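J.: The structure that follows is given in the form of structure tokens.
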Amino acid sequence: MTKDTSTQEDQTDATARRAKGEFVRGVSGFRHAIGDPEFPAEPGRYHLFVALNCPWCHRVTLARSVLGLSEAITMDVAFPNRTGEDDPVGANLWEFAPNRVATLTGTPLPECTVETGTGEGLRLAKQVYQREGSDEQSVPILYDKVQGRIVSNESAEIIRMLDGHARALGSTMSDPFRLVPEDPSEQQDIAALNDRIYVTINNGAYKAGFSSDQSVYAAAFEAYFETLEYLEHLLSDGRPFLTGDEFTEADLRLFPTLYRHDPVYYVRMKLNGARILDYPHLWRWLCRVYALNGVADAGSLIHCRQGYFGRSWNGVVPIGPLKPKYPEAYHQPDLAG
């Protein structure tokens, strides 16, 4: 099993760890790549299945958006709450159901779609996998519409594919920038950040929020806020982004978790040590990234709040925060003082 902890969690003794109450993220089973002989980089060929509340999907929708691929790569969006116990197929499944009503708004969510990638109008993401004999059910899914096959369901690797083949895939940008620059020293900086951010922030939030062991939660909580302090210090020298003057993959991978922290994770993941608003440099970084072209349109806090709190024991979604109100607060870097 790979030891690349910036991509997936170490699976050593995973069953025993789960039995003791630790949240251990599973491993994605589809690991092909655009650029392989059977998956050439061509405009209009590929499709994404996502849920906007999912931070792993958010990485991918961000890459699609900032790299100018929104027109070249089609996309279906699942409803943020999964199926219930009364579903004829089963509970806890991602569903393409644009007519489902969100309890938060009392209306359907306009971003949600029917399934169009396979051409069969499937209701469940699980059914996309079943067409290939797999029992997986996660999103995101990168799908080849020509062959009718899943390319990948590992978000970190999908980001790299889109970055490496943006022009060939049909980017609308005249000169697509690179999330991972060619300079080896910059690549090393990004890799080191990716590793720490994945372990303590991206996956760390789930370690804190979904583990049922107090000591596991406490360790995840401590590591999460230690990294926030580290990143706050890193940005204190005036650099606009994590590695310097340019937005890179490290920024992209950090953003989905910090975007969710104040309005969702502070409560839902029990990460109430501080808000991002309490870290002046991180807050301004968050606002700076949110202002980049395409970033605001790549996610939805309505989907996040509905998805996370709608799965809690009573299904009630908090109305706040109101002071400040999100995502409007991300337009106000001066809130941090």
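Letters A, B, ... go to the chains of the structure tokens in the order shown; residues in each chain start at 1; ligands are counted from 1 in the same order.
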Can you pull out every residue within 12 Å of Arg160 of chain A, counting only C-alpha atoms, but drop anything in the same chain fewer than 5 positions away, and send it as JSON, numbers by chain?
T.: {"A": [7, 33, 34, 35, 59, 60, 63, 64, 67, 152, 154, 155, 165, 166, 178, 179, 180, 181, 248, 249, 250, 252, 253]}
J.: Determine, counting only C-alpha atoms, which protein, DNA and RNA residues have an atom within 6 Å of an atom of Ala208 of chain A; residues of the same chain fewer than 5 positions away are not included. Present the result as a ChimeraX atom specification.
T.: /A:217,220-221
J.: For the residues in the current selection, export C-alpha atoms as a PDB file, in the first residue's frame.
T.:
```
ATOM      1  CA  TYR A 217     -10.327  13.329  18.738  1.00  0.00           C
ATOM      2  CA  ALA A 220      -6.596  15.373  15.820  1.00  0.00           C
ATOM      3  CA  PHE A 221      -7.832  18.623  17.407  1.00  0.00           C
TER       4      PHE A 221
END
```
J.: Neighbouring residues of Tyr143 of chain A were defined as those with any atom within 12 Å, considering only C-alpha atoms; residues of the same chain fewer than 2 positions away were excluded. Please report them as a PyMOL selection string.
T.: chain A and resi 30-34+39+44-50+73-76+116-119+125+128-129+132+139-141+145-154+158
J.: Excluding same-chain residues fewer than 6 positions from Ser300 of chain A, what lies within 12 Å of it counting only C-alpha atoms, as a ChimeraX atom specification?
T.: /A:51-55,57-58,61-62,77,79-80,109-112,256,259-260,263-264,290,306-307,326-328
J.: Those selected residues, please, written with N, CA and C atoms and delivered as an mmCIF file, in the first residue's frame.
T.:
```
data_model
loop_
_atom_site.group_PDB
_atom_site.id
_atom_site.type_symbol
_atom_site.label_atom_id
_atom_site.label_comp_id
_atom_site.auth_asym_id
_atom_site.auth_seq_id
_atom_site.Cartn_x
_atom_site.Cartn_y
_atom_site.Cartn_z
ATOM 1 N N ALA A 51 -20.327 16.050 -5.414
ATOM 2 C CA ALA A 51 -21.271 16.628 -4.461
ATOM 3 C C ALA A 51 -20.603 17.880 -3.907
ATOM 4 N N LEU A 52 -21.284 18.997 -3.932
ATOM 5 C CA LEU A 52 -20.644 20.264 -3.590
ATOM 6 C C LEU A 52 -20.351 20.411 -2.104
ATOM 7 N N ASN A 53 -20.979 19.603 -1.261
ATOM 8 C CA ASN A 53 -20.653 19.650 0.161
ATOM 9 C C ASN A 53 -19.382 18.883 0.486
ATOM 10 N N CYS A 54 -18.972 17.988 -0.390
ATOM 11 C CA CYS A 54 -17.811 17.129 -0.144
ATOM 12 C C CYS A 54 -16.515 17.896 -0.405
ATOM 13 N N PRO A 55 -15.608 17.997 0.576
ATOM 14 C CA PRO A 55 -14.375 18.763 0.349
ATOM 15 C C PRO A 55 -13.440 18.113 -0.654
ATOM 16 N N CYS A 57 -14.473 16.532 -3.358
ATOM 17 C CA CYS A 57 -15.034 17.005 -4.630
ATOM 18 C C CYS A 57 -14.692 18.473 -4.857
ATOM 19 N N HIS A 58 -14.696 19.253 -3.786
ATOM 20 C CA HIS A 58 -14.434 20.684 -3.907
ATOM 21 C C HIS A 58 -13.042 20.941 -4.483
ATOM 22 N N THR A 61 -13.597 20.469 -8.252
ATOM 23 C CA THR A 61 -14.358 21.541 -8.894
ATOM 24 C C THR A 61 -13.547 22.828 -8.924
ATOM 25 N N LEU A 62 -12.723 23.058 -7.902
ATOM 26 C CA LEU A 62 -11.830 24.216 -7.916
ATOM 27 C C LEU A 62 -10.840 24.126 -9.066
ATOM 28 N N VAL A 77 -24.074 17.087 -10.381
ATOM 29 C CA VAL A 77 -23.986 17.412 -8.964
ATOM 30 C C VAL A 77 -25.053 16.654 -8.186
ATOM 31 N N PHE A 79 -27.274 15.560 -4.744
ATOM 32 C CA PHE A 79 -27.894 16.259 -3.606
ATOM 33 C C PHE A 79 -26.990 16.089 -2.390
ATOM 34 N N PRO A 80 -26.859 17.119 -1.535
ATOM 35 C CA PRO A 80 -25.887 17.033 -0.437
ATOM 36 C C PRO A 80 -26.202 16.005 0.645
ATOM 37 N N LEU A 109 -32.338 22.540 -4.613
ATOM 38 C CA LEU A 109 -31.106 23.301 -4.777
ATOM 39 C C LEU A 109 -30.771 23.397 -6.260
ATOM 40 N N PRO A 110 -30.654 24.598 -6.801
ATOM 41 C CA PRO A 110 -30.524 24.758 -8.253
ATOM 42 C C PRO A 110 -29.275 24.130 -8.861
ATOM 43 N N GLU A 111 -28.246 23.921 -8.052
ATOM 44 C CA GLU A 111 -27.014 23.329 -8.591
ATOM 45 C C GLU A 111 -27.142 21.831 -8.839
ATOM 46 N N CYS A 112 -28.097 21.176 -8.173
ATOM 47 C CA CYS A 112 -28.228 19.726 -8.293
ATOM 48 C C CYS A 112 -28.766 19.343 -9.671
ATOM 49 N N PRO A 256 -10.631 24.145 0.602
ATOM 50 C CA PRO A 256 -11.941 23.576 0.942
ATOM 51 C C PRO A 256 -12.180 23.381 2.435
ATOM 52 N N TYR A 259 -12.444 27.017 4.110
ATOM 53 C CA TYR A 259 -13.716 27.594 3.650
ATOM 54 C C TYR A 259 -14.874 27.097 4.509
ATOM 55 N N ARG A 260 -14.811 25.845 4.948
ATOM 56 C CA ARG A 260 -15.877 25.237 5.747
ATOM 57 C C ARG A 260 -15.717 25.474 7.243
ATOM 58 N N PRO A 263 -18.156 28.413 9.321
ATOM 59 C CA PRO A 263 -19.607 28.181 9.280
ATOM 60 C C PRO A 263 -20.041 26.739 9.526
ATOM 61 N N VAL A 264 -19.132 25.767 9.423
ATOM 62 C CA VAL A 264 -19.549 24.364 9.530
ATOM 63 C C VAL A 264 -18.674 23.580 10.519
ATOM 64 N N TYR A 290 -10.637 33.245 -2.245
ATOM 65 C CA TYR A 290 -12.053 33.298 -2.606
ATOM 66 C C TYR A 290 -12.303 34.296 -3.735
ATOM 67 N N GLN A 306 -26.223 22.039 4.504
ATOM 68 C CA GLN A 306 -27.257 21.022 4.343
ATOM 69 C C GLN A 306 -26.664 19.614 4.461
ATOM 70 N N GLY A 307 -25.518 19.406 3.845
ATOM 71 C CA GLY A 307 -24.929 18.082 3.819
ATOM 72 C C GLY A 307 -24.397 17.622 5.165
ATOM 73 N N TYR A 326 -21.771 34.157 6.302
ATOM 74 C CA TYR A 326 -20.947 33.498 5.283
ATOM 75 C C TYR A 326 -21.817 33.068 4.112
ATOM 76 N N PRO A 327 -21.315 33.090 2.874
ATOM 77 C CA PRO A 327 -19.941 33.380 2.445
ATOM 78 C C PRO A 327 -19.638 34.860 2.233
ATOM 79 N N GLU A 328 -20.609 35.744 2.513
ATOM 80 C CA GLU A 328 -20.365 37.166 2.302
ATOM 81 C C GLU A 328 -19.115 37.652 3.037
#
```
J.: Rank nothing, just name the residue among A:Arg284, A:Tyr206, A:Met161, A:Glu222 nearest to Tyr330 of chain A, using only C-alpha atoms.
T.: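 Closest to Tyr330 of chain A, using only C-alpha atoms: A:Arg284.
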J.: So that I can check the secondary structure, give me every residue of segment 187-276 of chain A assigned alpha helix (DSSP H) by backbone DSSP, as an MDAnalysis selection string.
T.: chainID A and resid 187:196 203:210 214:235 249:260 266:268
J.: Save the residues we just selected, C-alpha atoms, as a PDB file, in the first residue's frame?
T.:
```
ATOM      1  CA  GLN A 187       7.567  21.262  -6.139  1.00  0.00           C
ATOM      2  CA  GLN A 188       9.312  20.234  -2.922  1.00  0.00           C
ATOM      3  CA  ASP A 189       7.675  23.084  -1.006  1.00  0.00           C
ATOM      4  CA  ILE A 190       4.256  22.125  -2.375  1.00  0.00           C
ATOM      5  CA  ALA A 191       4.780  18.442  -1.571  1.00  0.00           C
ATOM      6  CA  ALA A 192       5.750  19.199   2.030  1.00  0.00           C
ATOM      7  CA  LEU A 193       2.732  21.448   2.495  1.00  0.00           C
ATOM      8  CA  ASN A 194       0.406  18.952   0.826  1.00  0.00           C
ATOM      9  CA  ASP A 195       1.533  16.239   3.214  1.00  0.00           C
ATOM     10  CA  ARG A 196       1.009  18.276   6.372  1.00  0.00           C
ATOM     11  CA  ASN A 203      -8.262  14.427   6.828  1.00  0.00           C
ATOM     12  CA  GLY A 204      -7.607  15.765  10.312  1.00  0.00           C
ATOM     13  CA  ALA A 205     -10.979  17.514  10.350  1.00  0.00           C
ATOM     14  CA  TYR A 206     -12.658  14.152   9.810  1.00  0.00           C
ATOM     15  CA  LYS A 207     -10.441  12.513  12.426  1.00  0.00           C
ATOM     16  CA  ALA A 208     -11.744  15.060  14.909  1.00  0.00           C
ATOM     17  CA  GLY A 209     -15.363  15.128  13.837  1.00  0.00           C
ATOM     18  CA  PHE A 210     -16.112  11.486  13.114  1.00  0.00           C
ATOM     19  CA  GLN A 214     -11.888  10.940  22.933  1.00  0.00           C
ATOM     20  CA  SER A 215      -8.107  10.559  22.750  1.00  0.00           C
ATOM     21  CA  VAL A 216      -8.146  10.222  18.942  1.00  0.00           C
ATOM     22  CA  TYR A 217     -10.327  13.329  18.738  1.00  0.00           C
ATOM     23  CA  ALA A 218      -8.029  15.247  21.087  1.00  0.00           C
ATOM     24  CA  ALA A 219      -4.922  14.352  19.084  1.00  0.00           C
ATOM     25  CA  ALA A 220      -6.596  15.373  15.820  1.00  0.00           C
ATOM     26  CA  PHE A 221      -7.832  18.623  17.407  1.00  0.00           C
ATOM     27  CA  GLU A 222      -4.334  19.506  18.622  1.00  0.00           C
ATOM     28  CA  ALA A 223      -2.671  18.683  15.291  1.00  0.00           C
ATOM     29  CA  TYR A 224      -5.280  20.688  13.363  1.00  0.00           C
ATOM     30  CA  PHE A 225      -4.705  23.869  15.349  1.00  0.00           C
ATOM     31  CA  GLU A 226      -0.933  23.404  15.442  1.00  0.00           C
ATOM     32  CA  THR A 227      -0.972  23.450  11.649  1.00  0.00           C
ATOM     33  CA  LEU A 228      -3.206  26.516  11.566  1.00  0.00           C
ATOM     34  CA  GLU A 229      -0.640  28.286  13.770  1.00  0.00           C
ATOM     35  CA  TYR A 230       2.139  27.092  11.453  1.00  0.00           C
ATOM     36  CA  LEU A 231       0.332  28.389   8.370  1.00  0.00           C
ATOM     37  CA  GLU A 232      -0.473  31.686  10.091  1.00  0.00           C
ATOM     38  CA  HIS A 233       3.236  32.147  10.778  1.00  0.00           C
ATOM     39  CA  LEU A 234       4.137  31.122   7.216  1.00  0.00           C
ATOM     40  CA  LEU A 235       1.891  33.842   5.800  1.00  0.00           C
ATOM     41  CA  GLU A 249      -1.882  23.192  -5.584  1.00  0.00           C
ATOM     42  CA  ALA A 250      -1.060  23.648  -1.890  1.00  0.00           C
ATOM     43  CA  ASP A 251      -3.456  26.611  -1.689  1.00  0.00           C
ATOM     44  CA  LEU A 252      -6.098  24.716  -3.627  1.00  0.00           C
ATOM     45  CA  ARG A 253      -5.914  21.718  -1.293  1.00  0.00           C
ATOM     46  CA  LEU A 254      -6.091  23.840   1.863  1.00  0.00           C
ATOM     47  CA  PHE A 255      -8.978  26.031   0.741  1.00  0.00           C
ATOM     48  CA  PRO A 256     -11.941  23.576   0.942  1.00  0.00           C
ATOM     49  CA  THR A 257     -11.337  22.822   4.623  1.00  0.00           C
ATOM     50  CA  LEU A 258     -10.737  26.412   5.715  1.00  0.00           C
ATOM     51  CA  TYR A 259     -13.716  27.594   3.650  1.00  0.00           C
ATOM     52  CA  ARG A 260     -15.877  25.237   5.747  1.00  0.00           C
ATOM     53  CA  TYR A 266     -16.256  24.813  14.107  1.00  0.00           C
ATOM     54  CA  VAL A 267     -19.471  23.164  15.314  1.00  0.00           C
ATOM     55  CA  ARG A 268     -19.987  19.981  13.284  1.00  0.00           C
TER      56      ARG A 268
END
```
J.: When you draw a straight line from atom CA of Arg131 of chain A to atom CA of Asn92 of chain A, how long is it in Å?
T.: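 Distance between the two atoms: 19.1 Å.
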J.: Residues of segment 102-302 of chain A classed as strand (DSSP E or B) by DSSP on the backbone are to be reported as number ranges by chain.
T.: A: 108, 124, 141-144, 149-152, 241, 244
J.: With N, CA and C atoms retained, could you export that selection as a PDB file, in the first residue's frame?
T.:
```
ATOM      1  N   PRO A 108     -35.817  22.964  -3.683  1.00  0.00           N
ATOM      2  CA  PRO A 108     -34.713  22.231  -4.326  1.00  0.00           C
ATOM      3  C   PRO A 108     -33.501  23.146  -4.475  1.00  0.00           C
ATOM      4  N   LEU A 124     -28.151   6.982  -8.869  1.00  0.00           N
ATOM      5  CA  LEU A 124     -27.170   6.900  -7.796  1.00  0.00           C
ATOM      6  C   LEU A 124     -25.736   6.830  -8.334  1.00  0.00           C
ATOM      7  N   ILE A 141     -15.972  11.329  -9.055  1.00  0.00           N
ATOM      8  CA  ILE A 141     -15.661  10.338 -10.082  1.00  0.00           C
ATOM      9  C   ILE A 141     -15.296  11.100 -11.349  1.00  0.00           C
ATOM     10  N   LEU A 142     -14.146  10.777 -11.907  1.00  0.00           N
ATOM     11  CA  LEU A 142     -13.779  11.277 -13.233  1.00  0.00           C
ATOM     12  C   LEU A 142     -14.117  10.180 -14.233  1.00  0.00           C
ATOM     13  N   TYR A 143     -14.925  10.512 -15.230  1.00  0.00           N
ATOM     14  CA  TYR A 143     -15.540   9.509 -16.107  1.00  0.00           C
ATOM     15  C   TYR A 143     -15.233   9.819 -17.567  1.00  0.00           C
ATOM     16  N   ASP A 144     -14.914   8.786 -18.324  1.00  0.00           N
ATOM     17  CA  ASP A 144     -14.659   8.906 -19.762  1.00  0.00           C
ATOM     18  C   ASP A 144     -15.954   8.594 -20.501  1.00  0.00           C
ATOM     19  N   ARG A 149     -16.256   4.538 -19.094  1.00  0.00           N
ATOM     20  CA  ARG A 149     -15.456   3.955 -18.021  1.00  0.00           C
ATOM     21  C   ARG A 149     -15.055   5.010 -16.999  1.00  0.00           C
ATOM     22  N   ILE A 150     -14.885   4.570 -15.769  1.00  0.00           N
ATOM     23  CA  ILE A 150     -14.341   5.428 -14.728  1.00  0.00           C
ATOM     24  C   ILE A 150     -12.833   5.524 -14.910  1.00  0.00           C
ATOM     25  N   VAL A 151     -12.340   6.742 -14.920  1.00  0.00           N
ATOM     26  CA  VAL A 151     -10.897   6.955 -14.997  1.00  0.00           C
ATOM     27  C   VAL A 151     -10.298   6.902 -13.592  1.00  0.00           C
ATOM     28  N   SER A 152     -10.855   7.716 -12.694  1.00  0.00           N
ATOM     29  CA  SER A 152     -10.283   7.820 -11.354  1.00  0.00           C
ATOM     30  C   SER A 152     -11.333   8.301 -10.368  1.00  0.00           C
ATOM     31  N   PHE A 241       0.365  33.892  -1.069  1.00  0.00           N
ATOM     32  CA  PHE A 241      -0.059  32.490  -1.097  1.00  0.00           C
ATOM     33  C   PHE A 241       0.953  31.628  -0.340  1.00  0.00           C
ATOM     34  N   GLY A 244       4.439  31.502  -1.896  1.00  0.00           N
ATOM     35  CA  GLY A 244       4.992  32.747  -2.421  1.00  0.00           C
ATOM     36  C   GLY A 244       3.974  33.582  -3.148  1.00  0.00           C
TER      37      GLY A 244
END
```
